[in-house]
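Trainee: Handing you this structure, nothing more for now.
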Amino acid sequence: MKKITSLFLVSFMVLGLVACANNGGSAASTEAASTEVAGEANNEVAASTQKLIMCTNAEFPPYEYKEGGEFLGIDVEAAKLIGEKIGAEVEILDIAFDSLIPTVNSGKADFAMAGMTVTEDRLENVDFSHTYQTAVQSIIVPVDSDIESDADLYDGKKIGVQLGTTGDIYCTDDFGDENISRYPKIVDGVQAMKTGAIDACVVDDQVAKAIIASDTSSFKILETPYAEEEYAIAVKKGNKELLDKINAAIDEIMSSGELQAIVDKYIK
Ligand code: GLN
């Protein structure tokens with residue numbers, strides 16, 4: 001099993017350095033999408049009408065998904081609550097997972113929240129908030145599969161992942177590009193296991209559970225997880241003012257138990 005949790009210590013050290021190096025960073029936030037959000041002086045009054053655009057990929061239950069035209073999930077509710085704490089209304093932009101970081105960087109969204117794992121590579125392109133959830137990459141296989149752990153995936157097995165995710169990055173690295181099938185949504189990969197096109201899927205644990213919940217007679221989740229990770233919100237590099245506000249709000253909803261109440265609604 002890959003262990004990347006220690007990355008977090010490194011992450012925050014890097015963030016600290018970046019923050020120090022970015023005194024002029026608030027200019028970035030004034031370009032950001034919607035809003036004169038972070039980065040504007042005197043925004044106390046404007047705060048109540050402020051809008052923040054959150055980009056996400058609503059194909060990732062229980063964190064973000066669409067039902068009856070409405071966005072639901074842990075991230076969606078947590079983001080709205082964070083918005084309330086900041087004094088901003090959060091608007092959702094639903095895009096492909098691998099477009100999230102470019103969209104934040106282009107200023108078309110103020111932040112990305114999508115069960116997004118902090119990785120060293122991503123830290124080169126965006127700044128991450130405090131961690132708000134932990135996760136592990138899980139392996140889903142057909143119920144009758146003889147695959148018992150990630151060790152069995154080295155044997156030329158065909159693995160389905162969601163494009164651009166850590167599942168994609170780690171599996172490509174470990175098992176070779178030729179063995180990886182990439183899907184815009186992991187649910188399509190799970191369906192591909194039914195036809196025998198692929199042997200396994202690698203995806204975040206809670207998402208794996210949510211996806212196979214309705215089909216436990218066809219699929220199982222292996223008990224040996226594949227990688228440990230932590231989720232955080234991404235903002236444009238140097239947007240320290242927004243990041244500070246988001247961090248304060250995350251700290252508040254974590255210590256008050258408000259975040260846990262949202263998680264408990266979606267993860268029984
Ligand atoms: N946690 C994984 C990642 O950050 C998957 C996220 C997702 O598919 N929404 O890459």
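Going by the structure tokens order, chains are called A, B, ..., each with residues numbered from 1, while ligands are numbered from 1 in the order shown.
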Would you tabulate, counting only C-alpha atoms and all ligand atoms, all residues of chain A that have an atom at most 6 Å from an atom of ligand 1, showing the closest pair of atoms and their distance in Å to one decimal, sorted by chain then ascending number, as JSON lines?
Mentor:
{"residue": "A:Phe60", "atom": "CA", "partner": "ligand 1", "partner_atom_place_in_ligand_line": "9 (N)", "distance": 5.6}
{"residue": "A:Ala114", "atom": "CA", "partner": "ligand 1", "partner_atom_place_in_ligand_line": "9 (N)", "distance": 4.7}
{"residue": "A:Gly115", "atom": "CA", "partner": "ligand 1", "partner_atom_place_in_ligand_line": "6 (C)", "distance": 4.8}
{"residue": "A:Met116", "atom": "CA", "partner": "ligand 1", "partner_atom_place_in_ligand_line": "4 (O)", "distance": 3.4}
{"residue": "A:Thr117", "atom": "CA", "partner": "ligand 1", "partner_atom_place_in_ligand_line": "4 (O)", "distance": 3.7}
{"residue": "A:Thr165", "atom": "CA", "partner": "ligand 1", "partner_atom_place_in_ligand_line": "10 (O)", "distance": 3.2}
{"residue": "A:Thr166", "atom": "CA", "partner": "ligand 1", "partner_atom_place_in_ligand_line": "10 (O)", "distance": 3.8}
{"residue": "A:Asp204", "atom": "CA", "partner": "ligand 1", "partner_atom_place_in_ligand_line": "1 (N)", "distance": 6.0}
Trainee: Neighbours of Val90 in chain A within 10 Å (only C-alpha atoms; same-chain residues fewer than 4 positions away dropped), as a list in words?
Mentor: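 Counting only C-alpha atoms, the residues come to Gln50, Lys51, Leu52, Ile53, Met54, Cys55, Val76, Glu77, Ala79, Lys80, Leu81, Ile82, Gly83, Glu84 and Asp110 of chain A.
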Trainee: Next, the residues of the selection above should be written as an mmCIF file, in the first residue's frame with all heavy atoms.
Mentor:
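Done, and the output landed in selection.cif:
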data_model
loop_
_atom_site.group_PDB
_atom_site.id
_atom_site.type_symbol
_atom_site.label_atom_id
_atom_site.label_comp_id
_atom_site.auth_asym_id
_atom_site.auth_seq_id
_atom_site.Cartn_x
_atom_site.Cartn_y
_atom_site.Cartn_z
ATOM 1 N N GLN A 50 -21.395 38.813 -1.828
ATOM 2 C CA GLN A 50 -20.266 38.233 -2.529
ATOM 3 C C GLN A 50 -20.602 36.849 -3.081
ATOM 4 O O GLN A 50 -21.345 36.104 -2.464
ATOM 5 C CB GLN A 50 -19.213 38.091 -1.461
ATOM 6 C CG GLN A 50 -17.844 37.869 -1.846
ATOM 7 C CD GLN A 50 -17.025 37.911 -0.548
ATOM 8 O OE1 GLN A 50 -16.889 38.945 0.096
ATOM 9 N NE2 GLN A 50 -16.513 36.788 -0.167
ATOM 10 N N LYS A 51 -20.044 36.538 -4.226
ATOM 11 C CA LYS A 51 -20.271 35.210 -4.781
ATOM 12 C C LYS A 51 -18.937 34.526 -4.997
ATOM 13 O O LYS A 51 -17.978 35.152 -5.432
ATOM 14 C CB LYS A 51 -20.997 35.374 -6.125
ATOM 15 C CG LYS A 51 -21.751 34.121 -6.514
ATOM 16 C CD LYS A 51 -22.222 34.187 -7.938
ATOM 17 C CE LYS A 51 -23.527 34.936 -8.108
ATOM 18 N NZ LYS A 51 -23.914 34.981 -9.549
ATOM 19 N N LEU A 52 -18.892 33.255 -4.671
ATOM 20 C CA LEU A 52 -17.683 32.482 -4.926
ATOM 21 C C LEU A 52 -18.049 31.338 -5.859
ATOM 22 O O LEU A 52 -19.034 30.638 -5.617
ATOM 23 C CB LEU A 52 -17.127 31.887 -3.626
ATOM 24 C CG LEU A 52 -16.423 32.837 -2.657
ATOM 25 C CD1 LEU A 52 -16.077 32.090 -1.366
ATOM 26 C CD2 LEU A 52 -15.161 33.420 -3.277
ATOM 27 N N ILE A 53 -17.273 31.155 -6.895
ATOM 28 C CA ILE A 53 -17.534 30.031 -7.795
ATOM 29 C C ILE A 53 -16.658 28.855 -7.405
ATOM 30 O O ILE A 53 -15.441 28.963 -7.323
ATOM 31 C CB ILE A 53 -17.313 30.436 -9.265
ATOM 32 C CG1 ILE A 53 -18.316 31.527 -9.634
ATOM 33 C CG2 ILE A 53 -17.470 29.220 -10.180
ATOM 34 C CD1 ILE A 53 -18.320 31.926 -11.079
ATOM 35 N N MET A 54 -17.338 27.751 -7.135
ATOM 36 C CA MET A 54 -16.634 26.504 -6.786
ATOM 37 C C MET A 54 -16.715 25.588 -7.996
ATOM 38 O O MET A 54 -17.793 25.293 -8.490
ATOM 39 C CB MET A 54 -17.345 25.851 -5.606
ATOM 40 C CG MET A 54 -17.165 24.348 -5.507
ATOM 41 S SD MET A 54 -18.084 23.714 -4.071
ATOM 42 C CE MET A 54 -18.136 21.963 -4.410
ATOM 43 N N CYS A 55 -15.576 25.142 -8.503
ATOM 44 C CA CYS A 55 -15.665 24.124 -9.547
ATOM 45 C C CYS A 55 -15.511 22.751 -8.915
ATOM 46 O O CYS A 55 -14.808 22.572 -7.918
ATOM 47 C CB CYS A 55 -14.679 24.375 -10.690
ATOM 48 S SG CYS A 55 -12.955 24.453 -10.224
ATOM 49 N N VAL A 76 -20.483 19.657 -1.419
ATOM 50 C CA VAL A 76 -21.442 20.698 -1.804
ATOM 51 C C VAL A 76 -21.979 21.392 -0.538
ATOM 52 O O VAL A 76 -21.984 22.626 -0.442
ATOM 53 C CB VAL A 76 -22.597 20.081 -2.631
ATOM 54 C CG1 VAL A 76 -23.699 21.098 -2.875
ATOM 55 C CG2 VAL A 76 -22.054 19.518 -3.944
ATOM 56 N N GLU A 77 -22.381 20.592 0.442
ATOM 57 C CA GLU A 77 -22.934 21.187 1.672
ATOM 58 C C GLU A 77 -21.853 21.880 2.493
ATOM 59 O O GLU A 77 -22.077 22.935 3.075
ATOM 60 C CB GLU A 77 -23.639 20.117 2.510
ATOM 61 C CG GLU A 77 -24.900 19.634 1.826
ATOM 62 C CD GLU A 77 -25.892 18.996 2.787
ATOM 63 O OE1 GLU A 77 -25.904 19.348 3.976
ATOM 64 O OE2 GLU A 77 -26.668 18.144 2.320
ATOM 65 N N ALA A 79 -19.169 23.232 1.330
ATOM 66 C CA ALA A 79 -18.785 24.478 0.630
ATOM 67 C C ALA A 79 -19.787 25.591 0.914
ATOM 68 O O ALA A 79 -19.406 26.745 1.129
ATOM 69 C CB ALA A 79 -18.692 24.219 -0.874
ATOM 70 N N LYS A 80 -21.083 25.224 0.930
ATOM 71 C CA LYS A 80 -22.106 26.249 1.221
ATOM 72 C C LYS A 80 -21.911 26.801 2.629
ATOM 73 O O LYS A 80 -22.040 28.004 2.869
ATOM 74 C CB LYS A 80 -23.503 25.653 1.083
ATOM 75 C CG LYS A 80 -23.909 25.491 -0.368
ATOM 76 C CD LYS A 80 -25.352 25.036 -0.471
ATOM 77 C CE LYS A 80 -25.675 24.648 -1.910
ATOM 78 N NZ LYS A 80 -26.794 23.717 -2.004
ATOM 79 N N LEU A 81 -21.600 25.893 3.554
ATOM 80 C CA LEU A 81 -21.383 26.307 4.941
ATOM 81 C C LEU A 81 -20.131 27.183 5.051
ATOM 82 O O LEU A 81 -20.142 28.210 5.743
ATOM 83 C CB LEU A 81 -21.247 25.043 5.797
ATOM 84 C CG LEU A 81 -21.281 25.207 7.299
ATOM 85 C CD1 LEU A 81 -22.548 25.911 7.764
ATOM 86 C CD2 LEU A 81 -21.182 23.819 7.959
ATOM 87 N N ILE A 82 -19.088 26.789 4.360
ATOM 88 C CA ILE A 82 -17.862 27.601 4.351
ATOM 89 C C ILE A 82 -18.196 28.983 3.777
ATOM 90 O O ILE A 82 -17.784 30.018 4.308
ATOM 91 C CB ILE A 82 -16.747 26.895 3.545
ATOM 92 C CG1 ILE A 82 -16.242 25.676 4.333
ATOM 93 C CG2 ILE A 82 -15.603 27.851 3.202
ATOM 94 C CD1 ILE A 82 -15.367 24.712 3.538
ATOM 95 N N GLY A 83 -19.001 28.981 2.708
ATOM 96 C CA GLY A 83 -19.443 30.247 2.109
ATOM 97 C C GLY A 83 -20.164 31.112 3.132
ATOM 98 O O GLY A 83 -19.895 32.309 3.253
ATOM 99 N N GLU A 84 -21.072 30.486 3.881
ATOM 100 C CA GLU A 84 -21.806 31.244 4.913
ATOM 101 C C GLU A 84 -20.850 31.870 5.914
ATOM 102 O O GLU A 84 -21.013 33.022 6.299
ATOM 103 C CB GLU A 84 -22.721 30.304 5.705
ATOM 104 C CG GLU A 84 -24.122 30.209 5.175
ATOM 105 C CD GLU A 84 -24.909 29.115 5.909
ATOM 106 O OE1 GLU A 84 -24.778 29.006 7.151
ATOM 107 O OE2 GLU A 84 -25.621 28.359 5.222
ATOM 108 N N ASP A 110 -13.236 30.327 -8.266
ATOM 109 C CA ASP A 110 -12.441 30.819 -7.132
ATOM 110 C C ASP A 110 -11.741 29.688 -6.400
ATOM 111 O O ASP A 110 -10.670 29.880 -5.847
ATOM 112 C CB ASP A 110 -13.353 31.565 -6.152
ATOM 113 C CG ASP A 110 -13.970 32.778 -6.805
ATOM 114 O OD1 ASP A 110 -13.228 33.733 -7.075
ATOM 115 O OD2 ASP A 110 -15.184 32.748 -7.099
#
Trainee: Which value, in Å to one decimal, gives the distance between CA of Asp144 in chain A and CA of Lys209 in chain A?
Mentor: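 Straight-line distance from CA of Asp144 in chain A to CA of Lys209 in chain A works out to 17.6 Å.
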Trainee: For the atom pair CA of Gly73 in chain A and CA of Ile267 in chain A, what is the interatomic distance in Å to one decimal place?
Mentor: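 Calculated distance between CA of Gly73 in chain A and CA of Ile267 in chain A is 10.0 Å.
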Trainee: Of the residues A:Ser145, A:Asn125, A:Asn105, A:Thr131, which is the one nearest to Ala249 in chain A, using only C-alpha atoms?
Mentor: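 Comparing A:Ser145, A:Asn125, A:Asn105, A:Thr131 against Ala249 in chain A, the winner is A:Thr131.
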Trainee: DSSP on the backbone, helix (DSSP H, G or I) only: what residues of range 9-250 of chain A does that give? Format it as a VMD selection string.
Mentor: chain A and resid 9 to 21 23 to 31 43 to 49 74 to 86 97 to 106 120 to 123 150 to 154 166 to 175 177 to 179 186 to 194 205 to 215 240 to 250
Trainee: Excluding same-chain residues fewer than 4 positions from range 216-218 of chain A, what lies within 9 Å of it counting only C-alpha atoms, as a list in words?
Mentor: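 Surrounding residues, per the criterion: Val141, Pro142, Val143, Asp144, Lys194 and Ile212 of chain A.
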